[in-house]
Each structure stands twice: as C-alpha cells, then as structure tokens.
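Below is final_19.cif, holding mmCIF, C-alpha atoms.
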data_target
loop_
_atom_site.label_atom_id
_atom_site.label_comp_id
_atom_site.auth_asym_id
_atom_site.auth_seq_id
_atom_site.Cartn_x
_atom_site.Cartn_y
_atom_site.Cartn_z
CA MET F 1 0.00 0.00 0.00
CA LEU F 2 2.53 2.60 1.19
CA SER F 3 5.84 2.79 -0.59
CA PRO F 4 8.92 2.67 1.69
CA LYS F 5 9.70 6.27 0.72
CA SER F 6 6.31 7.67 1.73
CA LEU F 7 6.40 5.59 4.90
CA LEU F 8 9.73 7.20 5.78
CA ILE F 9 8.33 10.68 5.15
CA LEU F 10 5.30 9.85 7.30
CA LEU F 11 7.55 8.62 10.11
CA MET F 12 9.68 11.76 9.88
CA LEU F 13 6.57 13.94 10.04
CA LEU F 14 5.34 12.07 13.12
CA ALA F 15 8.74 12.46 14.77
CA ALA F 16 8.74 16.18 14.00
CA THR F 17 5.30 16.58 15.61
CA ALA F 18 6.47 14.73 18.70
CA LEU F 19 9.62 16.89 18.97
CA ASN F 20 7.64 20.08 18.53
CA ALA F 21 6.45 19.98 22.13
CA ALA F 22 4.91 23.44 22.01
CA GLU F 23 2.17 22.64 19.50
CA TYR F 24 -1.03 24.65 19.99
CA LEU F 25 -3.96 22.61 21.24
CA PRO F 26 -7.09 24.74 20.81
CA TRP F 27 -9.20 25.49 23.88
CA SER F 28 -12.22 27.63 24.59
CA GLN F 29 -13.08 29.77 27.57
CA GLN F 30 -16.33 30.24 29.44
CA ASN F 31 -16.90 32.84 32.17
CA PHE F 32 -13.20 33.72 32.22
CA ALA F 33 -12.14 30.14 32.83
CA ILE F 34 -11.05 27.05 30.83
CA ASP F 35 -12.96 24.15 32.32
CA SER F 36 -11.18 21.13 30.85
CA PRO F 37 -7.43 20.42 31.09
CA LEU F 38 -5.51 21.34 27.89
CA GLY F 39 -5.12 18.22 25.77
CA GLY F 40 -6.55 16.20 28.66
CA PHE F 41 -3.15 16.24 30.40
CA ILE F 42 -2.81 15.85 34.16
CA GLY F 43 -0.59 18.44 35.83
CA ASN F 44 2.33 17.67 38.09
CA PRO F 45 2.92 20.44 40.69
CA GLU F 46 6.56 19.39 41.24
CA ARG F 47 7.34 19.92 37.55
CA GLY F 48 5.28 23.12 37.63
CA ARG F 49 7.44 24.53 40.44
CA LEU F 50 10.54 23.98 38.27
CA LEU F 51 8.94 25.47 35.13
CA VAL F 52 7.97 28.76 36.81
CA SER F 53 11.60 29.64 37.55
CA GLN F 54 13.23 28.30 34.36
CA LYS F 55 14.18 31.26 32.17
CA SER F 56 13.64 29.39 28.90
CA LYS F 57 10.26 28.04 30.05
CA GLY F 58 7.63 29.84 32.13
CA ASN F 59 10.04 32.39 33.62
CA CYS F 60 7.11 33.52 35.80
CA LEU F 61 9.63 34.85 38.36
CA ALA F 62 10.74 37.48 35.86
CA CYS F 63 7.56 39.42 36.68
CA HIS F 64 5.90 37.73 39.71
CA ARG F 65 6.95 37.04 43.29
CA LEU F 66 6.49 33.42 44.32
CA PRO F 67 7.22 31.46 47.51
CA ILE F 68 10.45 30.04 46.00
CA LYS F 69 13.37 30.95 48.24
CA ASP F 70 16.18 29.21 46.32
CA THR F 71 15.86 31.64 43.37
CA GLU F 72 16.61 35.30 43.93
CA PHE F 73 15.48 38.46 42.12
CA HIS F 74 11.75 37.93 41.70
CA GLY F 75 10.16 40.57 39.46
CA THR F 76 7.59 43.16 40.56
CA ILE F 77 5.66 43.80 37.31
CA GLY F 78 2.88 41.30 37.93
CA PRO F 79 0.91 40.60 41.10
CA GLU F 80 2.35 38.50 43.95
CA LEU F 81 1.42 34.84 43.38
CA THR F 82 1.87 33.60 46.94
CA GLY F 83 -1.60 32.43 47.99
CA VAL F 84 -2.99 32.70 44.45
CA GLY F 85 -4.70 29.33 45.02
CA ASN F 86 -6.98 31.08 47.52
CA ARG F 87 -7.92 33.82 45.07
CA LEU F 88 -8.43 31.93 41.81
CA THR F 89 -9.72 28.47 40.95
CA MET F 90 -7.87 25.96 38.80
CA THR F 91 -10.06 26.69 35.76
CA GLN F 92 -9.55 30.47 36.15
CA LEU F 93 -5.78 30.02 36.51
CA ARG F 94 -5.74 27.84 33.38
CA LEU F 95 -7.13 30.73 31.28
CA ARG F 96 -4.81 33.32 32.85
CA VAL F 97 -1.68 31.27 32.16
CA SER F 98 -2.83 30.25 28.66
CA ASP F 99 -3.86 33.76 27.60
CA GLU F 100 -4.18 36.56 30.16
CA LYS F 101 -5.24 38.97 27.38
CA GLN F 102 -8.65 37.27 27.35
CA VAL F 103 -9.07 38.80 30.81
CA ASN F 104 -7.15 42.06 30.33
CA PRO F 105 -6.56 43.01 26.66
CA PHE F 106 -3.87 45.54 27.62
CA SER F 107 -1.82 43.10 29.71
CA ILE F 108 1.95 42.81 29.24
CA MET F 109 1.70 39.09 30.09
CA PRO F 110 2.40 36.77 27.14
CA GLY F 111 -0.15 34.10 26.27
CA TYR F 112 1.75 30.93 27.14
CA HIS F 113 -0.59 28.69 25.17
CA SER F 114 -2.49 30.99 22.83
CA ASP F 115 -3.18 30.69 19.11
CA PRO F 116 0.13 31.41 17.29
CA LYS F 117 -1.85 32.55 14.22
CA ARG F 118 -2.83 35.73 16.07
CA LEU F 119 0.79 36.82 16.65
CA ASN F 120 2.72 39.49 14.72
CA ARG F 121 6.32 39.33 13.39
CA VAL F 122 7.35 36.15 15.21
CA ARG F 123 11.01 35.20 14.75
CA ASP F 124 11.42 32.28 12.30
CA ASP F 125 12.62 29.80 14.93
CA TYR F 126 9.44 30.29 17.00
CA GLN F 127 6.90 30.34 14.14
CA GLY F 128 3.69 28.41 14.76
CA GLN F 129 4.63 27.37 18.28
CA THR F 130 3.24 28.25 21.68
CA ILE F 131 5.61 29.32 24.47
CA LEU F 132 4.65 26.36 26.66
CA SER F 133 3.14 22.99 25.77
CA ALA F 134 -0.30 21.91 27.00
CA GLN F 135 1.38 19.56 29.50
CA GLU F 136 3.57 22.38 30.84
CA ILE F 137 0.52 24.64 31.29
CA GLU F 138 -1.19 21.92 33.31
CA ASP F 139 1.96 21.44 35.43
CA ILE F 140 2.14 25.16 36.21
CA VAL F 141 -1.61 25.43 36.90
CA SER F 142 -1.47 22.48 39.32
CA TYR F 143 1.48 24.16 41.11
CA LEU F 144 -0.24 27.57 41.32
CA VAL F 145 -3.47 26.11 42.66
CA SER F 146 -1.45 24.49 45.45
CA LEU F 147 -0.25 27.93 46.65
CA LYS F 148 -2.68 28.43 49.55
CA MET A 1 -28.70 75.81 43.47
CA ARG A 2 -28.98 72.33 44.94
CA PRO A 3 -29.95 70.43 41.74
CA LEU A 4 -26.79 71.81 40.16
CA VAL A 5 -24.47 70.14 42.71
CA LYS A 6 -24.79 66.60 41.39
CA PRO A 7 -24.06 67.34 37.71
CA LEU A 8 -21.20 69.57 38.85
CA MET A 9 -19.75 66.75 40.95
CA ASN A 10 -20.11 64.40 37.98
CA LEU A 11 -18.31 66.86 35.77
CA LEU A 12 -15.55 67.22 38.36
CA GLY A 13 -15.17 63.44 38.49
CA LEU A 14 -15.02 63.25 34.71
CA LEU A 15 -12.42 66.01 34.56
CA THR A 16 -10.28 64.27 37.20
CA LEU A 17 -10.49 61.05 35.20
CA LEU A 18 -9.56 62.89 32.01
CA PHE A 19 -6.65 64.61 33.74
CA MET A 20 -5.41 61.28 35.11
CA THR A 21 -5.49 59.68 31.67
CA CYS A 22 -3.72 62.68 30.12
CA SER A 23 -1.02 62.74 32.79
CA LEU A 24 -0.40 59.05 32.12
CA GLN A 25 0.19 59.92 28.47
CA ALA A 26 2.52 62.84 29.13
CA LEU A 27 5.56 61.08 30.53
CA GLU A 28 8.12 63.21 32.36
CA PRO A 29 11.38 62.08 30.73
CA ILE A 30 13.91 60.55 33.14
CA SER A 31 17.32 59.35 31.97
CA GLY A 32 18.20 55.70 32.63
CA THR A 33 21.19 57.06 34.56
CA ALA A 34 18.81 57.82 37.45
CA MET A 35 18.46 54.06 38.00
CA LEU A 36 22.17 53.24 38.06
CA SER A 37 23.96 52.09 41.19
CA PRO A 38 26.39 54.75 42.58
CA GLU A 39 29.35 52.62 41.37
CA MET A 40 28.06 52.48 37.79
CA CYS A 41 27.18 56.16 37.87
CA ASP A 42 30.79 56.94 38.86
CA MET A 43 32.04 54.69 36.07
CA GLN A 44 29.89 56.55 33.53
CA ASP A 45 31.02 59.99 34.72
CA ASP A 46 34.73 59.16 34.87
CA GLU A 47 36.14 59.38 31.34
CA PHE A 48 39.07 57.15 32.31
CA ALA A 49 36.88 54.43 33.81
CA ASN A 50 34.05 54.59 31.24
CA PRO A 51 34.62 51.68 28.80
CA GLY A 52 32.50 53.48 26.17
CA MET A 53 35.28 56.07 25.81
CA GLU A 54 37.20 53.54 23.69
CA SER A 55 34.55 53.96 20.99
CA VAL A 56 34.73 57.75 21.33
CA GLU A 57 38.52 57.63 20.92
CA ARG A 58 38.29 55.38 17.86
CA GLY A 59 35.74 57.85 16.49
CA SER A 60 38.12 60.74 17.15
CA VAL A 61 40.88 59.02 15.16
CA LEU A 62 38.48 58.43 12.23
CA PHE A 63 37.27 62.04 12.42
CA HIS A 64 40.82 63.35 11.99
CA THR A 65 41.99 60.78 9.43
CA VAL A 66 42.56 62.04 5.88
CA ASP A 67 41.02 59.55 3.43
CA ASP A 68 41.71 58.74 -0.24
CA SER A 69 40.07 61.96 -1.38
CA GLU A 70 42.61 63.78 0.83
CA MET A 71 39.86 65.04 3.08
CA SER A 72 38.90 64.50 6.71
CA CYS A 73 35.87 65.44 8.82
CA ALA A 74 38.15 67.74 10.85
CA GLN A 75 38.96 69.87 7.79
CA CYS A 76 35.40 71.21 7.72
CA HIS A 77 34.24 70.57 11.29
CA GLY A 78 37.39 71.77 13.05
CA GLU A 79 40.24 70.20 15.02
CA ASP A 80 38.68 68.18 17.87
CA GLY A 81 35.30 68.99 16.34
CA ALA A 82 35.64 72.66 17.34
CA LYS A 83 33.11 73.72 14.68
CA VAL A 84 30.57 70.98 15.39
CA ASP A 85 27.25 72.63 16.26
CA ARG A 86 26.20 70.97 19.53
CA THR A 87 22.61 72.20 19.24
CA SER A 88 22.36 70.62 15.82
CA VAL A 89 23.69 67.27 17.12
CA ALA A 90 20.96 67.31 19.79
CA ALA A 91 18.30 67.88 17.10
CA PHE A 92 18.86 64.58 15.23
CA PRO A 93 17.00 62.76 13.68
CA LYS A 94 15.90 65.71 11.56
CA TYR A 95 13.97 66.09 8.32
CA ASN A 96 16.03 66.15 5.12
CA ARG A 97 14.35 68.03 2.27
CA GLU A 98 16.23 66.33 -0.56
CA GLN A 99 15.60 62.79 0.68
CA GLN A 100 12.13 63.71 2.02
CA ARG A 101 12.64 61.64 5.16
CA PRO A 102 14.16 61.92 8.64
CA ILE A 103 17.91 61.39 8.71
CA THR A 104 20.06 60.26 11.64
CA ILE A 105 23.64 61.23 12.52
CA GLN A 106 24.87 58.06 10.76
CA ASP A 107 22.90 59.09 7.64
CA GLN A 108 24.42 62.58 7.83
CA ILE A 109 27.96 61.17 8.02
CA ASN A 110 27.23 59.12 4.89
CA ILE A 111 25.77 62.16 3.11
CA CYS A 112 29.02 64.06 3.86
CA LYS A 113 31.03 61.08 2.69
CA GLU A 114 29.20 60.83 -0.66
CA GLU A 115 28.52 64.47 -1.47
CA ARG A 116 31.41 66.38 0.05
CA MET A 117 34.17 63.76 0.10
CA ASP A 118 33.15 61.98 -3.12
CA ASP A 119 33.56 58.62 -1.42
CA PHE A 120 31.47 55.49 -0.81
CA PRO A 121 29.11 55.48 2.18
CA TYR A 122 29.77 53.20 5.16
CA LEU A 123 27.45 50.32 5.96
CA TYR A 124 24.73 51.51 8.35
CA GLY A 125 25.42 50.32 11.91
CA SER A 126 29.01 49.35 11.06
CA LYS A 127 31.68 49.81 13.72
CA VAL A 128 33.10 52.85 11.91
CA LEU A 129 29.76 54.68 11.85
CA VAL A 130 28.93 53.76 15.45
CA ASP A 131 32.34 55.00 16.63
CA LEU A 132 31.95 58.26 14.68
CA GLU A 133 28.47 58.68 16.14
CA SER A 134 29.84 58.07 19.67
CA TYR A 135 32.49 60.73 19.07
CA ILE A 136 30.05 63.31 17.68
CA ARG A 137 27.44 62.77 20.39
CA HIS A 138 30.13 62.86 23.05
CA LEU A 139 31.15 66.30 21.72
CA ALA A 140 27.58 67.38 22.48
CA ARG A 141 27.51 65.81 25.96
CA GLY A 142 25.29 67.89 28.26
CA GLU A 143 23.41 69.46 25.33
CA VAL A 144 19.62 69.33 25.73
CA ILE A 145 17.85 67.04 23.25
CA ASN A 146 15.49 69.04 21.06
CA VAL A 147 14.06 66.97 18.21
CA LYS A 148 11.41 68.61 16.01
CA THR A 149 8.15 66.69 15.72
CA ASP A 150 6.03 69.13 13.72
CA GLY A 151 6.00 70.01 10.03
CA PRO A 152 6.99 67.48 7.35
CA ILE A 153 8.61 65.11 9.91
CA ARG A 154 5.30 64.56 11.74
CA PRO A 155 4.06 61.52 9.75
CA PHE A 156 7.39 59.73 10.38
CA TYR A 157 7.12 60.50 14.10
CA GLU A 158 3.59 59.06 14.12
CA GLU A 159 4.83 55.91 12.35
CA GLY A 160 7.55 55.53 14.98
CA LYS A 161 5.01 55.93 17.78
CA LYS A 162 2.78 53.33 16.16
CA LEU A 163 5.66 50.85 16.00
CA PHE A 164 6.56 51.62 19.64
CA GLU A 165 3.04 50.61 20.62
CA THR A 166 2.69 47.55 18.35
CA ARG A 167 2.76 44.10 19.89
CA MET A 168 5.38 41.85 18.28
CA GLY A 169 6.91 38.40 18.58
CA GLN A 170 5.96 35.19 20.35
CA LEU A 171 5.84 37.08 23.67
CA ASP A 172 3.40 39.52 22.03
CA MET A 173 4.72 42.70 23.69
CA SER A 174 5.39 46.24 22.53
CA CYS A 175 8.10 48.70 23.55
CA ALA A 176 5.38 50.64 25.39
CA HIS A 177 4.59 47.71 27.66
CA CYS A 178 7.96 47.89 29.41
CA HIS A 179 8.95 51.52 28.84
CA ASP A 180 5.62 53.40 29.12
CA TYR A 181 3.69 51.26 31.61
CA TYR A 182 6.33 49.71 33.90
CA PRO A 183 9.42 51.94 34.31
CA GLY A 184 10.78 51.50 37.83
CA TYR A 185 9.42 47.95 38.18
CA TRP A 186 11.74 44.96 38.33
CA LEU A 187 12.10 42.35 35.61
CA ARG A 188 14.11 39.67 37.46
CA GLY A 189 17.21 41.56 38.64
CA GLN A 190 16.84 44.36 36.11
CA GLN A 191 14.96 47.57 36.81
CA LEU A 192 13.00 48.78 33.79
CA GLY A 193 13.74 52.29 32.56
CA GLN A 194 11.82 54.59 30.24
CA GLY A 195 13.87 53.40 27.27
CA GLN A 196 15.42 56.82 26.68
CA SER A 197 18.04 57.20 23.94
CA ASN A 198 20.07 60.10 25.40
CA GLY A 199 23.04 57.89 26.36
CA PHE A 200 23.43 56.07 23.02
CA PRO A 201 25.70 54.68 21.68
CA THR A 202 25.90 52.96 25.07
CA PHE A 203 28.48 50.58 26.51
CA ARG A 204 26.75 47.47 27.84
CA LEU A 205 28.61 45.53 30.52
CA SER A 206 26.58 42.35 29.90
CA THR A 207 27.67 42.10 26.26
CA GLN A 208 30.94 44.05 26.70
CA ARG A 209 30.38 46.13 23.61
CA ILE A 210 29.42 49.56 22.41
CA THR A 211 25.76 49.32 21.41
CA SER A 212 24.06 51.59 18.90
CA LEU A 213 20.38 52.42 19.35
CA HIS A 214 19.39 50.26 16.37
CA ARG A 215 21.34 47.30 17.80
CA ARG A 216 19.51 47.81 21.10
CA PHE A 217 16.17 47.74 19.23
CA THR A 218 17.22 44.41 17.72
CA GLU A 219 18.20 43.05 21.16
CA CYS A 220 14.83 44.09 22.63
CA LEU A 221 12.87 42.58 19.73
CA GLY A 222 14.96 39.43 20.06
CA SER A 223 14.06 39.16 23.74
CA PHE A 224 10.39 38.98 22.89
CA ARG A 225 11.15 36.61 20.06
CA ALA A 226 10.21 39.00 17.26
CA ALA A 227 11.85 39.23 13.83
CA PRO A 228 14.12 42.30 13.95
CA TYR A 229 14.36 45.05 11.32
CA ASP A 230 17.68 46.02 9.74
CA PRO A 231 19.90 48.77 11.17
CA GLY A 232 19.14 51.94 9.23
CA SER A 233 15.73 50.63 8.05
CA THR A 234 12.81 53.03 7.70
CA GLU A 235 11.17 51.33 10.69
CA TYR A 236 14.16 51.79 13.01
CA ILE A 237 14.76 55.38 11.88
CA ASN A 238 11.12 56.25 12.59
CA LEU A 239 11.41 54.48 15.93
CA GLU A 240 14.64 56.38 16.71
CA LEU A 241 12.83 59.62 15.85
CA TYR A 242 9.93 58.86 18.19
CA VAL A 243 12.09 57.50 21.02
CA THR A 244 14.53 60.44 20.87
CA ALA A 245 11.80 63.10 20.67
CA ARG A 246 10.09 61.36 23.61
CA GLY A 247 13.22 62.33 25.57
CA ASN A 248 13.23 66.00 24.51
CA GLY A 249 14.63 67.98 27.45
CA LEU A 250 17.10 65.32 28.58
CA GLU A 251 20.83 65.92 28.27
CA ILE A 252 23.04 63.89 25.93
CA GLU A 253 25.09 61.45 28.06
CA THR A 254 27.00 59.52 25.39
CA PRO A 255 28.63 57.12 26.09
CA ALA A 256 26.33 55.84 28.86
CA VAL A 257 27.19 52.66 30.79
CA ARG A 258 24.48 50.04 31.34
CA ASP A 259 24.22 46.42 32.48
#

Would you write the structure of this file as structure tokens?
Amino acid sequence: MLSPKSLLILLMLLAATALNAAEYLPWSQQNFAIDSPLGGFIGNPERGRLLVSQKSKGNCLACHRLPIKDTEFHGTIGPELTGVGNRLTMTQLRLRVSDEKQVNPFSIMPGYHSDPKRLNRVRDDYQGQTILSAQEIEDIVSYLVSLK
Amino acid sequence: MRPLVKPLMNLLGLLTLLFMTCSLQALEPISGTAMLSPEMCDMQDDEFANPGMESVERGSVLFHTVDDSEMSCAQCHGEDGAKVDRTSVAAFPKYNREQQRPITIQDQINICKEERMDDFPYLYGSKVLVDLESYIRHLARGEVINVKTDGPIRPFYEEGKKLFETRMGQLDMSCAHCHDYYPGYWLRGQQLGQGQSNGFPTFRLSTQRITSLHRRFTECLGSFRAAPYDPGSTEYINLELYVTARGNGLEIETPAVRD
C-alpha cells in the first residue's frame, strides 16, 4: 500500500510533531475560565514549580513574586502569586496562564498557550509554536493552585 | 442651586479622570542614569573608567583621518570637532528636504562622505559609523535634546510611535509595555527604565560592547522573540525619531554605561 519512501516521510513527520512539544492545542473559555485540562493532560505540581523559575520556560519569576526561596530576584511587574490558590480556581488560573489577554486586553503578560496565528512578526525559529506545551501549562496550573 | 451640585460633581469626576489619563500619556522624561547604582554612575562619569570612551577615541581618530580623497571630517568641522554645532547634534534625527525623510547622525555622516568627500558610504550600523556617532554625540555631551516633531517630519514620528506601541513576537509585547507602563518595576534583577536614547551609543557591561540604538532595538525585539528590522531601516529610523523626541529635554550622556 505505502511505498517505503512515503512511509519514511510519514515517520519523519510524526517524529517532528512529537519533537515540537509546544504545538497549539485549541481550547475555549467560558466565564473567564477554561474548564477542561488542555489536551486532557494531568498536571504535576513538582514539575510546575521547576517550570515557573526556568528562564527558557515559564520564567514567571521574571515578573511575579512566588514562595520560591532558592531563586533570587523575583520581578515586581505582575501581582504577587503567593496564595494565588486562595484567590483563583484551577479553571480560572488555566485561562490566565494560557492567555491573560482574554481577561485584560492591555496586559503585558504573554499568552503561554495561545493561538500562534494571532501573533505578529514572530522570529522564524518560534513560528507556529506556543511558548509552553499543553502539559507544561497543566503542570504550572497544578502548582499555582497548590499555593494556599 | 442644589440640583446643580450633582451634575457639577459628575463633571468634576469626569475632569479628574480625564486629567489622570492625560497625565499618564505625558511622561516626564527621566534618563536611565537615574536608575544606576552609585558605582556604575561613577564609572559613567569618569572618562578614564568609562569603557565606552574607547569607541569615542576610535571615532576621534576616524574624524581626523585624511582619506583617499585627501579630506577628513576635521577639515570642515574643526580640530577636535571645534566647529561641530552641539545644538544641531541634539536635534537629530531631523527632516532632510532632498531625501524627504528623517535622517540620523549616521545618515548625515554618509551624506558628507558621498557628497562632500566623493567617497562610498559606510554600511549603516558598522563599527566605523557607530564610533563616529559616539564621538560626535560625546562632543555634544550635556546638550539638551530638542528633536522637532512638527512640520513634514510629523508623519514619520507618528509611524515611529505606532511601531513603539505595536505588539510583536511570540511574547506579544510592545516597547510601550515595558517603557511606558512599567518603568521602575523589576524584571528579574533588572529595573525597567523609560527606554530613553540620550546615552546612546551605550556601553553594555553584559555584552561588553558599544551598542548603537538600532542594535539595542534588535536586542529588545529578540528578547520577545520577534523578527528584527535592519539597522538603518525606515522602521528603526522612525522608531529612533519617536524614542529620541520622547526624551526631549534630557541631556546627551554619550557614552552611557548600562548592564
């Protein structure tokens, strides 16, 4: 049925999709919240705690203060996130991390899992990708919701 | 009398709101130097300690060097730039009638090179042009920036402002997000400034190099993962015009020292 050549191309395409971890998985919001987990992934708060301080990943600390003592120089641009689990629910946090501009259109905060088609002048090496993968969003959300 | 009080109070509230919005728009320019640590401030002020002075000195050599056409900048503009008009330096970018666009100091050097010295222009943003610009701006150190924004230059200024406020890149931010809304706030260990251009070309300690304004634009765009424009492009020149005019009233501090 499939020639060896087309099979190879198909395999390469599949591999490329798997490597491209930051593929956009569409979501929809209701009442300023995303009810279902992105891509159906289950978040891991331990991984989330690491992602929020990694500069190449969430880099949340660049703008927000968090109860993470082993990293210094937390930013002051965004609100303090200590206790954010008391103020916002998991579904509300999911929307704010995925695309804060749905809540505040003027926000400086990047959409970490928003539709790449809506972006302007993206550098070639980041074309068509989201900043964080669906799994990484779930990890961060599960960590934030634990901050009580 | 009494029924008048409520509408009057409403009007007062509206006026306060309007005033607040307007005062947010009209930014009082503050040089990035105001945010430096005392040590870095001393380094910037001390011509022997300021690493940007190397660029100024290289520029000085170029300024006095006689080229193939047996001419040098110094022949017209004086030994040690004695005849350089400091007020004019502080007015760049300015509108050029022949080219019908704003021109920068680097453009002006190339115009001299082509028209007066009958020579080839330098590549925009090249080390030679950046060093010459450092030298010329350093001659005008302390001069108050006074860039014209009315008349034929206005549309270019508006374009620059538009670009300043346009979201770009994967991080979907504009220059205005950091430099209009959050000056004084901390981004990790770095305090955000107003993004003023009065100290450019600037020596950056983090990259250990003299950095032209257009290179800085590229670095900023790169940090929000946007495709940069070319040095000397229409977009960057318009942006330079807007950013510099936004700092009208500040003193030239070239070469500034930054992290």

Interface, chain F side, toward chain A (9 Å; all atoms listed in the file) as a VMD selection string: chain F and resid 61 to 64 72 to 77 106 to 112 116 119 to 127 129 to 131

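Atom CA of His77 of chain A is positioned 13.9 Å from atom CA of Val61 of chain A.
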
Sel. within 12 Å of pt (4.7, 64.6, 11.0), counting all atoms listed in the file, output as a ChimeraX atom specification: /A:94-95,100-102,148-161,238,241-242

Computed interatomic separation between atom CA of Lys113 of chain A and atom CA of Asp230 of chain A (Å): 21.3 Å

Selection: 9 Å around Cys175 of chain A, only C-alpha atoms, excl. self and same-chain fewer than 4 positions, as a list in words: Leu163, Phe164, Glu165, Thr166, Arg167, His179, Asp180, Gly195, Cys220 and Leu221 of chain A

For the selection just defined, write its residues with C-alpha atoms to a file, as a PDB file, keeping the file's coordinate frame.
ATOM      1  CA  LEU A 163       5.660  50.850  16.000  1.00  0.00           C
ATOM      2  CA  PHE A 164       6.560  51.620  19.640  1.00  0.00           C
ATOM      3  CA  GLU A 165       3.040  50.610  20.620  1.00  0.00           C
ATOM      4  CA  THR A 166       2.690  47.550  18.350  1.00  0.00           C
ATOM      5  CA  ARG A 167       2.760  44.100  19.890  1.00  0.00           C
ATOM      6  CA  HIS A 179       8.950  51.520  28.840  1.00  0.00           C
ATOM      7  CA  ASP A 180       5.620  53.400  29.120  1.00  0.00           C
ATOM      8  CA  GLY A 195      13.870  53.400  27.270  1.00  0.00           C
ATOM      9  CA  CYS A 220      14.830  44.090  22.630  1.00  0.00           C
ATOM     10  CA  LEU A 221      12.870  42.580  19.730  1.00  0.00           C
TER      11      LEU A 221
END

Interatomic distance (Å, one decimal) between atom CA of Glu219 of chain A and atom CA of Asn146 of chain A: 26.1 Å

Residue IDs satisfying the PyMOL selection byres ((chain F and resi 50) around 12), as a PyMOL selection string: chain F and resi 44-49+51-61+66+68+70-71+136+139-140+143-144

Evaluate the PyMOL selection byres ((chain A and resi 55-59) around 6) and report residues as a PyMOL selection string: chain A and resi 52-54+60-62+131-132+134-135

Output of the PyMOL selection byres ((chain A and resi 41-50) around 9), listed as a count of residues only: 18

Ser233 of chain A environment, 12 Å, only C-alpha atoms, sequence neighbours closer than 5 positions dropped, as a list in words: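 Answer for this query is Arg101, Pro102, Ile103, Thr104, Asp107, Leu123, Tyr124, Gly125, Gly160, His214, Arg215, Phe217, Thr218, Pro228, Asn238, Leu239 and Glu240 of chain A.
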
All residues 8 Å or closer to Val97 of chain F, all atoms listed in the file, same chain fewer than 2 positions away omitted, as a VMD selection string: chain F and resid 93 to 95 99 to 100 111 to 113 137 141

Top pick for closest residue to Gln30 of chain F, considering F:Asn104, F:Lys148, F:Thr91, F:Gly43 and counting only C-alpha atoms: F:Thr91

Any chance you could turn segment 85-98 of chain A into a file with N, CA and C atoms, as a compact mmCIF listing (two decimals), in the first residue's frame?
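This is the output file result18.txt:
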# COMPACT_ATOMS: atom_id res chain seq x y z
N ASP A 85 28.34 71.91 15.60
CA ASP A 85 27.25 72.63 16.26
C ASP A 85 26.53 71.67 17.22
N ARG A 86 26.76 71.87 18.51
CA ARG A 86 26.20 70.97 19.53
C ARG A 86 24.67 70.95 19.51
N THR A 87 24.08 72.12 19.28
CA THR A 87 22.61 72.20 19.24
C THR A 87 22.07 71.35 18.10
N SER A 88 22.79 71.38 16.99
CA SER A 88 22.36 70.62 15.82
C SER A 88 22.47 69.11 16.09
N VAL A 89 23.53 68.69 16.78
CA VAL A 89 23.69 67.27 17.12
C VAL A 89 22.49 66.81 17.96
N ALA A 90 22.06 67.66 18.89
CA ALA A 90 20.96 67.31 19.79
C ALA A 90 19.60 67.36 19.11
N ALA A 91 19.58 67.78 17.82
CA ALA A 91 18.30 67.88 17.10
C ALA A 91 18.07 66.70 16.16
N PHE A 92 19.03 65.76 16.09
CA PHE A 92 18.86 64.58 15.23
C PHE A 92 17.97 63.56 15.91
N PRO A 93 17.20 62.75 15.14
CA PRO A 93 17.00 62.76 13.68
C PRO A 93 16.22 64.00 13.24
N LYS A 94 16.62 64.56 12.09
CA LYS A 94 15.90 65.71 11.56
C LYS A 94 15.51 65.50 10.09
N TYR A 95 14.51 66.27 9.65
CA TYR A 95 13.97 66.09 8.32
C TYR A 95 14.96 66.58 7.26
N ASN A 96 15.16 65.77 6.23
CA ASN A 96 16.03 66.15 5.12
C ASN A 96 15.16 66.39 3.89
N ARG A 97 15.21 67.63 3.39
CA ARG A 97 14.35 68.03 2.27
C ARG A 97 14.61 67.23 1.00
N GLU A 98 15.90 67.04 0.69
CA GLU A 98 16.23 66.33 -0.56
C GLU A 98 15.76 64.88 -0.53
